[in-house]
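> Pasting structure_7.pdb here (PDB, C-alpha atoms, pLDDT in the B column):
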MODEL        1
ATOM      1  CA  MET A   1      -7.641   4.023  10.032  1.00 95.00           C
ATOM      2  CA  ILE A   2      -4.875   1.830   8.682  1.00 98.00           C
ATOM      3  CA  ASP A   3      -3.041   2.988   5.573  1.00 98.00           C
ATOM      4  CA  LEU A   4      -0.396   0.775   3.992  1.00 98.00           C
ATOM      5  CA  HIS A   5       0.390   2.867   0.896  1.00 98.00           C
ATOM      6  CA  THR A   6       1.817   6.390   1.314  1.00 98.00           C
ATOM      7  CA  HIS A   7       4.723   8.443  -0.012  1.00 98.00           C
ATOM      8  CA  SER A   8       7.258  10.820   1.498  1.00 98.00           C
ATOM      9  CA  LEU A   9       9.805  13.061  -0.183  1.00 97.00           C
ATOM     10  CA  PHE A  10      12.007  10.009  -0.602  1.00 97.00           C
ATOM     11  CA  SER A  11      10.007   9.674  -3.807  1.00 97.00           C
ATOM     12  CA  ASP A  12       7.294  12.019  -5.077  1.00 97.00           C
ATOM     13  CA  GLY A  13       5.590  12.873  -1.797  1.00 96.00           C
ATOM     14  CA  VAL A  14       5.963  16.373  -0.369  1.00 97.00           C
ATOM     15  CA  LEU A  15       6.548  15.582   3.327  1.00 98.00           C
ATOM     16  CA  VAL A  16       9.468  14.185   5.281  1.00 98.00           C
ATOM     17  CA  PRO A  17       8.483  10.931   7.037  1.00 98.00           C
ATOM     18  CA  SER A  18       8.081  12.638  10.411  1.00 98.00           C
ATOM     19  CA  GLU A  19       5.538  15.167   9.145  1.00 98.00           C
ATOM     20  CA  LEU A  20       3.676  12.521   7.157  1.00 98.00           C
ATOM     21  CA  VAL A  21       3.390  10.340  10.241  1.00 98.00           C
ATOM     22  CA  ARG A  22       2.512  13.263  12.509  1.00 98.00           C
ATOM     23  CA  ARG A  23      -0.338  14.288  10.233  1.00 98.00           C
ATOM     24  CA  ALA A  24      -1.527  10.688  10.202  1.00 98.00           C
ATOM     25  CA  VAL A  25      -1.525  10.683  14.008  1.00 97.00           C
ATOM     26  CA  MET A  26      -3.704  13.795  14.008  1.00 96.00           C
ATOM     27  CA  LYS A  27      -6.101  12.075  11.582  1.00 95.00           C
ATOM     28  CA  GLY A  28      -6.498   9.226  14.037  1.00 95.00           C
ATOM     29  CA  TYR A  29      -4.413   6.672  12.168  1.00 97.00           C
ATOM     30  CA  LYS A  30      -3.238   3.633  14.107  1.00 97.00           C
ATOM     31  CA  VAL A  31      -0.884   2.263  11.429  1.00 98.00           C
ATOM     32  CA  ILE A  32       0.824   3.850   8.443  1.00 98.00           C
ATOM     33  CA  ALA A  33       3.299   2.336   6.005  1.00 98.00           C
ATOM     34  CA  ILE A  34       5.660   4.588   4.081  1.00 98.00           C
ATOM     35  CA  THR A  35       5.981   2.953   0.677  1.00 98.00           C
ATOM     36  CA  ASP A  36       7.983   5.240  -1.559  1.00 98.00           C
ATOM     37  CA  HIS A  37       8.355   4.553  -5.264  1.00 98.00           C
ATOM     38  CA  ALA A  38      11.383   2.455  -6.117  1.00 98.00           C
ATOM     39  CA  ASP A  39      13.137   0.405  -8.749  1.00 98.00           C
ATOM     40  CA  ALA A  40      16.554  -1.222  -8.905  1.00 98.00           C
ATOM     41  CA  SER A  41      18.251   2.182  -8.605  1.00 98.00           C
ATOM     42  CA  ASN A  42      17.087   3.240  -5.157  1.00 98.00           C
ATOM     43  CA  LEU A  43      15.884   0.302  -3.071  1.00 97.00           C
ATOM     44  CA  ASP A  44      19.084   0.202  -1.035  1.00 97.00           C
ATOM     45  CA  PHE A  45      19.008   3.976  -0.518  1.00 97.00           C
ATOM     46  CA  THR A  46      15.368   4.410   0.469  1.00 98.00           C
ATOM     47  CA  ILE A  47      14.450   1.431   2.625  1.00 98.00           C
ATOM     48  CA  PRO A  48      17.136   1.766   5.348  1.00 97.00           C
ATOM     49  CA  ARG A  49      16.414   5.480   5.787  1.00 97.00           C
ATOM     50  CA  VAL A  50      12.673   5.034   5.997  1.00 98.00           C
ATOM     51  CA  THR A  51      13.202   2.113   8.378  1.00 98.00           C
ATOM     52  CA  ALA A  52      15.230   4.298  10.740  1.00 97.00           C
ATOM     53  CA  ALA A  53      12.593   7.036  10.665  1.00 98.00           C
ATOM     54  CA  CYS A  54       9.740   4.588  11.293  1.00 98.00           C
ATOM     55  CA  ARG A  55      11.499   3.075  14.271  1.00 97.00           C
ATOM     56  CA  GLU A  56      12.022   6.472  15.918  1.00 97.00           C
ATOM     57  CA  LEU A  57       8.520   7.745  15.172  1.00 97.00           C
ATOM     58  CA  SER A  58       6.815   4.581  16.425  1.00 97.00           C
ATOM     59  CA  LYS A  59       8.800   4.852  19.636  1.00 96.00           C
ATOM     60  CA  HIS A  60       7.636   8.379  20.450  1.00 97.00           C
ATOM     61  CA  TRP A  61       4.091   8.603  19.042  1.00 97.00           C
ATOM     62  CA  LYS A  62       0.955   6.472  19.403  1.00 96.00           C
ATOM     63  CA  ILE A  63       1.149   4.981  15.929  1.00 98.00           C
ATOM     64  CA  ASN A  64       2.867   2.090  14.229  1.00 98.00           C
ATOM     65  CA  ALA A  65       4.910   3.522  11.367  1.00 98.00           C
ATOM     66  CA  LEU A  66       6.151   0.798   9.040  1.00 98.00           C
ATOM     67  CA  PRO A  67       8.864   0.784   6.372  1.00 98.00           C
ATOM     68  CA  GLY A  68       7.699  -0.356   2.971  1.00 98.00           C
ATOM     69  CA  ILE A  69       8.262   0.219  -0.719  1.00 98.00           C
ATOM     70  CA  GLU A  70       6.230   0.519  -3.901  1.00 98.00           C
ATOM     71  CA  LEU A  71       7.880  -1.182  -6.872  1.00 98.00           C
ATOM     72  CA  THR A  72       6.943   1.197  -9.655  1.00 98.00           C
ATOM     73  CA  HIS A  73       7.028   0.880 -13.453  1.00 98.00           C
ATOM     74  CA  VAL A  74       9.621  -1.884 -13.296  1.00 98.00           C
ATOM     75  CA  PRO A  75       9.887  -4.581 -15.983  1.00 98.00           C
ATOM     76  CA  PRO A  76       7.550  -7.425 -15.023  1.00 98.00           C
ATOM     77  CA  GLU A  77      10.449  -9.887 -15.270  1.00 98.00           C
ATOM     78  CA  THR A  78      12.212  -8.151 -12.359  1.00 98.00           C
ATOM     79  CA  PHE A  79       9.406  -8.295  -9.797  1.00 98.00           C
ATOM     80  CA  ASP A  80      10.538 -11.504  -8.159  1.00 98.00           C
ATOM     81  CA  SER A  81      14.128 -10.412  -7.558  1.00 98.00           C
ATOM     82  CA  LEU A  82      13.187  -6.869  -6.527  1.00 98.00           C
ATOM     83  CA  THR A  83      10.553  -8.114  -4.087  1.00 98.00           C
ATOM     84  CA  LYS A  84      13.067 -10.430  -2.448  1.00 98.00           C
ATOM     85  CA  LYS A  85      15.663  -7.652  -2.293  1.00 98.00           C
ATOM     86  CA  ALA A  86      13.170  -5.210  -0.766  1.00 98.00           C
ATOM     87  CA  ARG A  87      12.281  -7.661   1.988  1.00 98.00           C
ATOM     88  CA  LYS A  88      15.940  -8.416   2.660  1.00 97.00           C
ATOM     89  CA  LEU A  89      16.594  -4.675   3.047  1.00 98.00           C
ATOM     90  CA  GLY A  90      13.830  -4.379   5.643  1.00 97.00           C
ATOM     91  CA  ALA A  91      10.610  -3.493   3.820  1.00 98.00           C
ATOM     92  CA  VAL A  92       7.772  -5.121   5.754  1.00 98.00           C
ATOM     93  CA  VAL A  93       5.117  -3.935   3.301  1.00 98.00           C
ATOM     94  CA  VAL A  94       5.856  -4.477  -0.384  1.00 98.00           C
ATOM     95  CA  VAL A  95       3.408  -2.757  -2.710  1.00 99.00           C
ATOM     96  CA  ALA A  96       3.315  -3.183  -6.472  1.00 98.00           C
ATOM     97  CA  HIS A  97       2.319  -0.277  -8.704  1.00 98.00           C
ATOM     98  CA  GLY A  98      -0.433  -2.028 -10.596  1.00 98.00           C
ATOM     99  CA  GLU A  99      -1.869  -1.479 -14.052  1.00 98.00           C
ATOM    100  CA  THR A 100      -3.813   1.680 -13.207  1.00 98.00           C
ATOM    101  CA  LEU A 101      -6.003   3.217 -15.893  1.00 98.00           C
ATOM    102  CA  VAL A 102      -4.183   6.553 -15.717  1.00 98.00           C
ATOM    103  CA  GLU A 103      -0.533   5.590 -16.268  1.00 98.00           C
ATOM    104  CA  PRO A 104       1.328   3.586 -18.949  1.00 98.00           C
ATOM    105  CA  VAL A 105       2.191   0.627 -16.724  1.00 98.00           C
ATOM    106  CA  HIS A 106       3.738  -2.258 -18.652  1.00 98.00           C
ATOM    107  CA  PRO A 107       1.209  -4.994 -19.510  1.00 98.00           C
ATOM    108  CA  GLY A 108       1.793  -8.081 -17.419  1.00 98.00           C
ATOM    109  CA  THR A 109       2.716  -6.110 -14.310  1.00 98.00           C
ATOM    110  CA  ASN A 110      -0.315  -7.272 -12.314  1.00 98.00           C
ATOM    111  CA  ARG A 111       0.398 -10.957 -12.893  1.00 98.00           C
ATOM    112  CA  ALA A 112       4.146 -10.638 -12.346  1.00 98.00           C
ATOM    113  CA  ALA A 113       3.648  -8.781  -9.062  1.00 98.00           C
ATOM    114  CA  ILE A 114       1.166 -11.358  -7.799  1.00 98.00           C
ATOM    115  CA  ASN A 115       3.477 -14.216  -8.720  1.00 98.00           C
ATOM    116  CA  ALA A 116       6.319 -12.451  -6.898  1.00 98.00           C
ATOM    117  CA  GLY A 117       4.262 -12.462  -3.697  1.00 98.00           C
ATOM    118  CA  VAL A 118       3.988  -8.743  -3.014  1.00 98.00           C
ATOM    119  CA  ASP A 119       1.727  -7.817  -0.110  1.00 98.00           C
ATOM    120  CA  ILE A 120      -0.519  -5.395  -1.982  1.00 99.00           C
ATOM    121  CA  LEU A 121      -1.266  -4.933  -5.669  1.00 99.00           C
ATOM    122  CA  ALA A 122      -2.101  -1.237  -5.760  1.00 98.00           C
ATOM    123  CA  HIS A 123      -4.691   0.251  -8.119  1.00 98.00           C
ATOM    124  CA  PRO A 124      -4.714  -2.798 -10.437  1.00 98.00           C
ATOM    125  CA  GLY A 125      -6.996  -1.204 -13.020  1.00 98.00           C
ATOM    126  CA  LEU A 126      -8.899  -3.657 -15.207  1.00 98.00           C
ATOM    127  CA  ILE A 127      -7.594  -6.711 -13.411  1.00 98.00           C
ATOM    128  CA  THR A 128      -8.692  -9.932 -15.086  1.00 98.00           C
ATOM    129  CA  PRO A 129     -10.638 -12.738 -13.404  1.00 98.00           C
ATOM    130  CA  SER A 130      -7.619 -15.047 -13.707  1.00 98.00           C
ATOM    131  CA  GLU A 131      -5.349 -12.449 -12.090  1.00 98.00           C
ATOM    132  CA  ALA A 132      -7.829 -11.935  -9.257  1.00 98.00           C
ATOM    133  CA  SER A 133      -8.012 -15.708  -8.746  1.00 98.00           C
ATOM    134  CA  LEU A 134      -4.216 -15.882  -8.683  1.00 98.00           C
ATOM    135  CA  ALA A 135      -4.161 -13.103  -6.071  1.00 98.00           C
ATOM    136  CA  ALA A 136      -6.583 -15.101  -3.939  1.00 98.00           C
ATOM    137  CA  LYS A 137      -4.382 -18.197  -4.256  1.00 98.00           C
ATOM    138  CA  LYS A 138      -1.166 -16.301  -3.467  1.00 98.00           C
ATOM    139  CA  GLY A 139      -2.641 -14.245  -0.619  1.00 98.00           C
ATOM    140  CA  VAL A 140      -1.957 -10.921  -2.346  1.00 98.00           C
ATOM    141  CA  ALA A 141      -4.335  -8.128  -1.343  1.00 98.00           C
ATOM    142  CA  LEU A 142      -5.973  -6.027  -4.051  1.00 99.00           C
ATOM    143  CA  GLU A 143      -6.265  -2.332  -3.340  1.00 99.00           C
ATOM    144  CA  ILE A 144      -9.262  -0.035  -3.362  1.00 98.00           C
ATOM    145  CA  SER A 145      -7.768   3.437  -3.710  1.00 98.00           C
ATOM    146  CA  THR A 146      -9.027   6.757  -2.402  1.00 98.00           C
ATOM    147  CA  ARG A 147      -6.675   8.570  -4.790  1.00 98.00           C
ATOM    148  CA  LYS A 148      -8.035  10.551  -7.727  1.00 96.00           C
ATOM    149  CA  GLY A 149      -7.474   8.792 -11.034  1.00 97.00           C
ATOM    150  CA  HIS A 150      -6.448   5.458  -9.577  1.00 98.00           C
ATOM    151  CA  SER A 151      -9.898   5.178  -8.002  1.00 98.00           C
ATOM    152  CA  LEU A 152     -11.613   5.073 -11.412  1.00 98.00           C
ATOM    153  CA  SER A 153     -11.435   1.283 -11.485  1.00 98.00           C
ATOM    154  CA  ASN A 154     -12.439   0.686  -7.848  1.00 98.00           C
ATOM    155  CA  GLY A 155     -15.807  -0.800  -8.806  1.00 98.00           C
ATOM    156  CA  HIS A 156     -14.217  -3.217 -11.253  1.00 98.00           C
ATOM    157  CA  VAL A 157     -11.525  -4.238  -8.749  1.00 98.00           C
ATOM    158  CA  ALA A 158     -14.092  -4.825  -6.006  1.00 98.00           C
ATOM    159  CA  LYS A 159     -16.269  -6.943  -8.270  1.00 98.00           C
ATOM    160  CA  ALA A 160     -13.322  -9.019  -9.500  1.00 98.00           C
ATOM    161  CA  ALA A 161     -11.982  -9.564  -5.981  1.00 98.00           C
ATOM    162  CA  LEU A 162     -15.346 -10.628  -4.574  1.00 98.00           C
ATOM    163  CA  ALA A 163     -15.919 -13.058  -7.440  1.00 98.00           C
ATOM    164  CA  ALA A 164     -12.476 -14.633  -6.978  1.00 98.00           C
ATOM    165  CA  GLY A 165     -12.399 -14.600  -3.190  1.00 98.00           C
ATOM    166  CA  ALA A 166      -9.376 -12.277  -3.145  1.00 98.00           C
ATOM    167  CA  ARG A 167      -8.694  -9.986  -0.195  1.00 98.00           C
ATOM    168  CA  LEU A 168      -9.377  -6.291  -0.571  1.00 98.00           C
ATOM    169  CA  VAL A 169      -7.673  -3.490   1.364  1.00 98.00           C
ATOM    170  CA  ILE A 170      -8.144   0.267   1.181  1.00 98.00           C
ATOM    171  CA  ASP A 171      -5.294   2.774   1.033  1.00 98.00           C
ATOM    172  CA  THR A 172      -4.864   6.450   0.230  1.00 98.00           C
ATOM    173  CA  ASP A 173      -1.679   6.474  -1.881  1.00 98.00           C
ATOM    174  CA  THR A 174      -0.960   9.739  -0.058  1.00 98.00           C
ATOM    175  CA  HIS A 175       1.503  12.175  -1.650  1.00 98.00           C
ATOM    176  CA  GLU A 176       0.505  15.369   0.172  1.00 97.00           C
ATOM    177  CA  PRO A 177      -1.376  16.294   3.364  1.00 97.00           C
ATOM    178  CA  GLY A 178      -4.786  16.587   1.720  1.00 96.00           C
ATOM    179  CA  ASP A 179      -4.628  12.974   0.558  1.00 98.00           C
ATOM    180  CA  LEU A 180      -4.943  11.560   4.078  1.00 98.00           C
ATOM    181  CA  VAL A 181      -8.522  10.541   4.847  1.00 97.00           C
ATOM    182  CA  ASP A 182     -10.421   9.417   7.915  1.00 96.00           C
ATOM    183  CA  ARG A 183     -12.218   6.103   8.299  1.00 95.00           C
ATOM    184  CA  ALA A 184     -15.631   7.574   7.533  1.00 96.00           C
ATOM    185  CA  TYR A 185     -14.442   8.824   4.146  1.00 97.00           C
ATOM    186  CA  ALA A 186     -12.714   5.507   3.434  1.00 98.00           C
ATOM    187  CA  GLU A 187     -15.985   3.703   4.153  1.00 98.00           C
ATOM    188  CA  ARG A 188     -17.818   5.942   1.677  1.00 98.00           C
ATOM    189  CA  VAL A 189     -15.248   5.084  -0.981  1.00 98.00           C
ATOM    190  CA  LEU A 190     -15.800   1.380  -0.329  1.00 98.00           C
ATOM    191  CA  LEU A 191     -19.556   1.780  -0.555  1.00 98.00           C
ATOM    192  CA  GLY A 192     -19.072   3.776  -3.744  1.00 98.00           C
ATOM    193  CA  ALA A 193     -17.147   0.830  -5.173  1.00 98.00           C
ATOM    194  CA  GLY A 194     -20.282  -1.278  -4.746  1.00 98.00           C
ATOM    195  CA  LEU A 195     -19.519  -3.000  -1.461  1.00 98.00           C
ATOM    196  CA  THR A 196     -22.078  -3.478   1.284  1.00 98.00           C
ATOM    197  CA  LYS A 197     -21.387  -2.174   4.772  1.00 98.00           C
ATOM    198  CA  LYS A 198     -20.633  -5.718   5.894  1.00 98.00           C
ATOM    199  CA  GLN A 199     -18.157  -6.149   3.040  1.00 98.00           C
ATOM    200  CA  ALA A 200     -16.605  -2.772   3.818  1.00 98.00           C
ATOM    201  CA  GLU A 201     -16.020  -3.867   7.409  1.00 98.00           C
ATOM    202  CA  GLN A 202     -14.238  -6.938   6.099  1.00 98.00           C
ATOM    203  CA  VAL A 203     -11.934  -4.726   4.050  1.00 98.00           C
ATOM    204  CA  PHE A 204     -10.948  -2.839   7.199  1.00 98.00           C
ATOM    205  CA  ARG A 205     -10.333  -6.169   8.943  1.00 98.00           C
ATOM    206  CA  ASN A 206      -8.143  -7.270   6.032  1.00 98.00           C
ATOM    207  CA  SER A 207      -6.057  -4.117   6.368  1.00 98.00           C
ATOM    208  CA  ARG A 208      -5.734  -4.694  10.103  1.00 98.00           C
ATOM    209  CA  ALA A 209      -4.592  -8.301   9.620  1.00 98.00           C
ATOM    210  CA  LEU A 210      -1.990  -7.290   7.056  1.00 98.00           C
ATOM    211  CA  ALA A 211      -0.806  -4.489   9.332  1.00 98.00           C
ATOM    212  CA  GLN A 212      -0.479  -6.841  12.305  1.00 98.00           C
ATOM    213  CA  LYS A 213       1.652  -9.198  10.230  1.00 98.00           C
ATOM    214  CA  ALA A 214       3.884  -6.311   9.140  1.00 98.00           C
ATOM    215  CA  ILE A 215       4.211  -5.013  12.704  1.00 98.00           C
ATOM    216  CA  ALA A 216       5.323  -8.451  13.831  1.00 97.00           C
ATOM    217  CA  GLU A 217       7.906  -8.579  11.059  1.00 96.00           C
ATOM    218  CA  PHE A 218       9.190  -5.097  11.938  1.00 97.00           C
ATOM    219  CA  SER A 219       9.630  -6.119  15.568  1.00 95.00           C
ATOM    220  CA  LYS A 220      12.053  -8.843  14.452  1.00 91.00           C
ATOM    221  CA  ILE A 221      14.314  -6.400  12.623  1.00 85.00           C
ATOM    222  CA  GLY A 222      17.230  -5.280  14.765  1.00 64.00           C
TER     223      GLY A 222
ENDMDL
END
Just give me the structure as structure tokens.


Amino acid sequence: MIDLHTHSLFSDGVLVPSELVRRAVMKGYKVIAITDHADASNLDFTIPRVTAACRELSKHWKINALPGIELTHVPPETFDSLTKKARKLGAVVVVAHGETLVEPVHPGTNRAAINAGVDILAHPGLITPSEASLAAKKGVALEISTRKGHSLSNGHVAKAALAAGARLVIDTDTHEPGDLVDRAYAERVLLGAGLTKKQAEQVFRNSRALAQKAIAEFSKIG
């Protein structure tokens, strides 16, 4: 299992990074990214601390823990600058909090995040065909979510991504221990979104490719 969207108590998760990663190890995870919620107020506080934790944890346990960030409820006009700042600070996985059905995300967030070149557009809700096509062009992955609420639009997201040729990944958006899932459950969620088993396998490959890129980037950070 590869999970590139999780939260620690550096935002609204309930676990310190070490316990989050340890529980992921026990679930059989190979890669986990800690992508706490952020805006202009806390990028420079959160990313360096999560980076330090990920480096230590990856050194001692059989898992690649990666520092990331989830840009959350920010004005669409700020996505470009915040994405660049996050990467400069050391985030190797930049997630955008997409236009989920269950939160009042500002309209235009999906498109702005894609144009900014984030790695993953999380729970993008009723993403439009043109936005999905833009994601395919920009190489931005669209997320299938195992999280309650955000998962309501999984079928729509899967259909839009397949039609546009955009990459899909699957993540848990973990906030507490019970949110972590194993690969078998993740596969059921993908099948429930209308994908075939062959398509589901491709989603797992997409997550692995994105993870490998992030691991390579993390190795370059001193």

> Ranking A:Thr174, A:Thr51, A:Gln202, A:Asn154 by minimum distance to Leu20 of chain A and counting all atoms listed in the file, which one comes first?

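Under the stated criterion, the closest residue is A:Thr174.
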
> Name all residues at most 9 Å from Thr72 of chain A (count all atoms listed in the file; drop same-chain ones fewer than 4 positions away) and give them as a list in words.

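With the cut-off at 9 Å, the set is His37, Ala38, Asp39, Val95, Ala96, His97, Gly98 and Val105 of chain A.
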
> Could you please take those selected residues and save C-alpha atoms as a PDB file, in the coordinates of the input?


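The resulting file, result_8.pdb, is shown below:
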ATOM      1  CA  HIS A  37       8.355   4.553  -5.264  1.00 98.00           C
ATOM      2  CA  ALA A  38      11.383   2.455  -6.117  1.00 98.00           C
ATOM      3  CA  ASP A  39      13.137   0.405  -8.749  1.00 98.00           C
ATOM      4  CA  VAL A  95       3.408  -2.757  -2.710  1.00 99.00           C
ATOM      5  CA  ALA A  96       3.315  -3.183  -6.472  1.00 98.00           C
ATOM      6  CA  HIS A  97       2.319  -0.277  -8.704  1.00 98.00           C
ATOM      7  CA  GLY A  98      -0.433  -2.028 -10.596  1.00 98.00           C
ATOM      8  CA  VAL A 105       2.191   0.627 -16.724  1.00 98.00           C
TER       9      VAL A 105
END

> Contacts between segment 206-214 of chain A and segment 98-151 of chain A, please, where a residue of segment 98-151 of chain A counts if it comes within 10 Å (with only C-alpha atoms); show its shortest atom pair and distance in Å to one decimal, rows by chain and ascending number, as a tab-separated table.


residue	atom	partner	partner_atom	distance
A:Asp119	CA	A:Leu210	CA	8.1
A:Ile120	CA	A:Leu210	CA	9.4
A:Ala141	CA	A:Asn206	CA	8.3
A:Glu143	CA	A:Ser207	CA	9.9

> Once the PyMOL selection byres ((chain A and resi 151) around 12) is applied to the coordinates I shared, what remains selected? I want it as a ChimeraX atom specification.

/A:100-102,122-126,143-150,152-158,170-173,186,189-190,192-193

> Have a look at A:Leu134, A:Ile215, A:Leu180, A:Val50 and name the one nearest to Pro17 of chain A; count all atoms listed in the file.

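For Pro17 of chain A, the nearest of the given residues is A:Val50.
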
> Please indicate the distance in Å from atom CA of Gly68 of chain A to atom CA of Lys159 of chain A, rounded to one decimal place.

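Computing the Euclidean distance for atom CA of Gly68 of chain A and atom CA of Lys159 of chain A yields 27.3 Å.
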
> Which one is closest to Phe45 of chain A: A:Lys62, A:Gly178, A:Gly90, A:Lys137? Count all atoms listed in the file.

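Smallest separation from Phe45 of chain A among the options: A:Gly90.
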
> Around (9.5, -9.7, -2.1), as given in the file, which residues come within 12 Å? Count only C-alpha atoms and list them as a ChimeraX atom specification.

/A:43,68-71,78-96,112-120,140

> On this structure, the PyMOL selection byres ((chain A and resi 23) around 12) would catch which residues? List them as a list in words, sorted by chain and number.

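Selection result, ordered by chain and number: Leu15, Val16, Pro17, Ser18, Glu19, Leu20, Val21, Arg22, Ala24, Val25, Met26, Lys27, Gly28, Tyr29, Lys30, Ile32, Trp61, Ile63, Thr174, Glu176, Pro177, Gly178, Asp179, Leu180, Val181 and Asp182 of chain A.
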
> Could you dump the residues just selected with C-alpha atoms as an mmCIF file, keeping the file's coordinate frame?


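Now in part-v8.cif:
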data_model
loop_
_atom_site.group_PDB
_atom_site.id
_atom_site.type_symbol
_atom_site.label_atom_id
_atom_site.label_comp_id
_atom_site.auth_asym_id
_atom_site.auth_seq_id
_atom_site.Cartn_x
_atom_site.Cartn_y
_atom_site.Cartn_z
ATOM 1 C CA LEU A 15 6.548 15.582 3.327
ATOM 2 C CA VAL A 16 9.468 14.185 5.281
ATOM 3 C CA PRO A 17 8.483 10.931 7.037
ATOM 4 C CA SER A 18 8.081 12.638 10.411
ATOM 5 C CA GLU A 19 5.538 15.167 9.145
ATOM 6 C CA LEU A 20 3.676 12.521 7.157
ATOM 7 C CA VAL A 21 3.390 10.340 10.241
ATOM 8 C CA ARG A 22 2.512 13.263 12.509
ATOM 9 C CA ALA A 24 -1.527 10.688 10.202
ATOM 10 C CA VAL A 25 -1.525 10.683 14.008
ATOM 11 C CA MET A 26 -3.704 13.795 14.008
ATOM 12 C CA LYS A 27 -6.101 12.075 11.582
ATOM 13 C CA GLY A 28 -6.498 9.226 14.037
ATOM 14 C CA TYR A 29 -4.413 6.672 12.168
ATOM 15 C CA LYS A 30 -3.238 3.633 14.107
ATOM 16 C CA ILE A 32 0.824 3.850 8.443
ATOM 17 C CA TRP A 61 4.091 8.603 19.042
ATOM 18 C CA ILE A 63 1.149 4.981 15.929
ATOM 19 C CA THR A 174 -0.960 9.739 -0.058
ATOM 20 C CA GLU A 176 0.505 15.369 0.172
ATOM 21 C CA PRO A 177 -1.376 16.294 3.364
ATOM 22 C CA GLY A 178 -4.786 16.587 1.720
ATOM 23 C CA ASP A 179 -4.628 12.974 0.558
ATOM 24 C CA LEU A 180 -4.943 11.560 4.078
ATOM 25 C CA VAL A 181 -8.522 10.541 4.847
ATOM 26 C CA ASP A 182 -10.421 9.417 7.915
#

> Decode the PyMOL selection byres ((chain A and resi 131-133) around 7) for the given file into explicit residues and return them as a list in words.

Arg111, Ile127, Thr128, Pro129, Ser130, Leu134, Ala135, Ala136, Lys137, Ala160, Ala161, Ala164 and Ala166 of chain A

> Rebuild segment 20-32 of chain A so that it carries N, CA, C and O atoms, then output the result as a PDB file, in the coordinates of the input.


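Everything below was put into out11.pdb:
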ATOM      1  N   LEU A  20       4.701  13.424   7.681  1.00 98.00           N
ATOM      2  CA  LEU A  20       3.676  12.521   7.157  1.00 98.00           C
ATOM      3  C   LEU A  20       3.055  11.715   8.290  1.00 98.00           C
ATOM      4  O   LEU A  20       1.821  11.636   8.413  1.00 98.00           O
ATOM      5  N   VAL A  21       3.896  11.153   9.141  1.00 98.00           N
ATOM      6  CA  VAL A  21       3.390  10.340  10.241  1.00 98.00           C
ATOM      7  C   VAL A  21       2.657  11.200  11.268  1.00 98.00           C
ATOM      8  O   VAL A  21       1.610  10.808  11.783  1.00 98.00           O
ATOM      9  N   ARG A  22       3.182  12.395  11.548  1.00 98.00           N
ATOM     10  CA  ARG A  22       2.512  13.263  12.509  1.00 98.00           C
ATOM     11  C   ARG A  22       1.109  13.649  12.036  1.00 98.00           C
ATOM     12  O   ARG A  22       0.151  13.644  12.818  1.00 98.00           O
ATOM     13  N   ARG A  23       0.987  13.952  10.771  1.00 98.00           N
ATOM     14  CA  ARG A  23      -0.338  14.288  10.233  1.00 98.00           C
ATOM     15  C   ARG A  23      -1.275  13.080  10.278  1.00 98.00           C
ATOM     16  O   ARG A  23      -2.478  13.227  10.491  1.00 98.00           O
ATOM     17  N   ALA A  24      -0.718  11.895  10.088  1.00 98.00           N
ATOM     18  CA  ALA A  24      -1.527  10.688  10.202  1.00 98.00           C
ATOM     19  C   ALA A  24      -2.011  10.491  11.639  1.00 98.00           C
ATOM     20  O   ALA A  24      -3.160  10.111  11.869  1.00 98.00           O
ATOM     21  N   VAL A  25      -1.132  10.766  12.599  1.00 97.00           N
ATOM     22  CA  VAL A  25      -1.525  10.683  14.008  1.00 97.00           C
ATOM     23  C   VAL A  25      -2.714  11.603  14.277  1.00 97.00           C
ATOM     24  O   VAL A  25      -3.702  11.214  14.923  1.00 97.00           O
ATOM     25  N   MET A  26      -2.641  12.822  13.772  1.00 96.00           N
ATOM     26  CA  MET A  26      -3.704  13.795  14.008  1.00 96.00           C
ATOM     27  C   MET A  26      -4.999  13.434  13.291  1.00 96.00           C
ATOM     28  O   MET A  26      -6.073  13.904  13.662  1.00 96.00           O
ATOM     29  N   LYS A  27      -4.914  12.577  12.278  1.00 95.00           N
ATOM     30  CA  LYS A  27      -6.101  12.075  11.582  1.00 95.00           C
ATOM     31  C   LYS A  27      -6.696  10.849  12.274  1.00 95.00           C
ATOM     32  O   LYS A  27      -7.733  10.340  11.862  1.00 95.00           O
ATOM     33  N   GLY A  28      -6.008  10.377  13.315  1.00 95.00           N
ATOM     34  CA  GLY A  28      -6.498   9.226  14.037  1.00 95.00           C
ATOM     35  C   GLY A  28      -6.001   7.896  13.519  1.00 95.00           C
ATOM     36  O   GLY A  28      -6.536   6.843  13.879  1.00 95.00           O
ATOM     37  N   TYR A  29      -4.958   7.917  12.699  1.00 97.00           N
ATOM     38  CA  TYR A  29      -4.413   6.672  12.168  1.00 97.00           C
ATOM     39  C   TYR A  29      -3.770   5.856  13.292  1.00 97.00           C
ATOM     40  O   TYR A  29      -3.145   6.404  14.196  1.00 97.00           O
ATOM     41  N   LYS A  30      -3.903   4.547  13.186  1.00 97.00           N
ATOM     42  CA  LYS A  30      -3.238   3.633  14.107  1.00 97.00           C
ATOM     43  C   LYS A  30      -1.987   3.029  13.476  1.00 97.00           C
ATOM     44  O   LYS A  30      -1.031   2.697  14.185  1.00 97.00           O
ATOM     45  N   VAL A  31      -2.007   2.852  12.158  1.00 98.00           N
ATOM     46  CA  VAL A  31      -0.884   2.263  11.429  1.00 98.00           C
ATOM     47  C   VAL A  31      -0.720   2.995  10.105  1.00 98.00           C
ATOM     48  O   VAL A  31      -1.708   3.300   9.431  1.00 98.00           O
ATOM     49  N   ILE A  32       0.534   3.276   9.752  1.00 98.00           N
ATOM     50  CA  ILE A  32       0.824   3.850   8.443  1.00 98.00           C
ATOM     51  C   ILE A  32       2.106   3.223   7.912  1.00 98.00           C
ATOM     52  O   ILE A  32       3.076   3.045   8.653  1.00 98.00           O
TER      53      ILE A  32
END
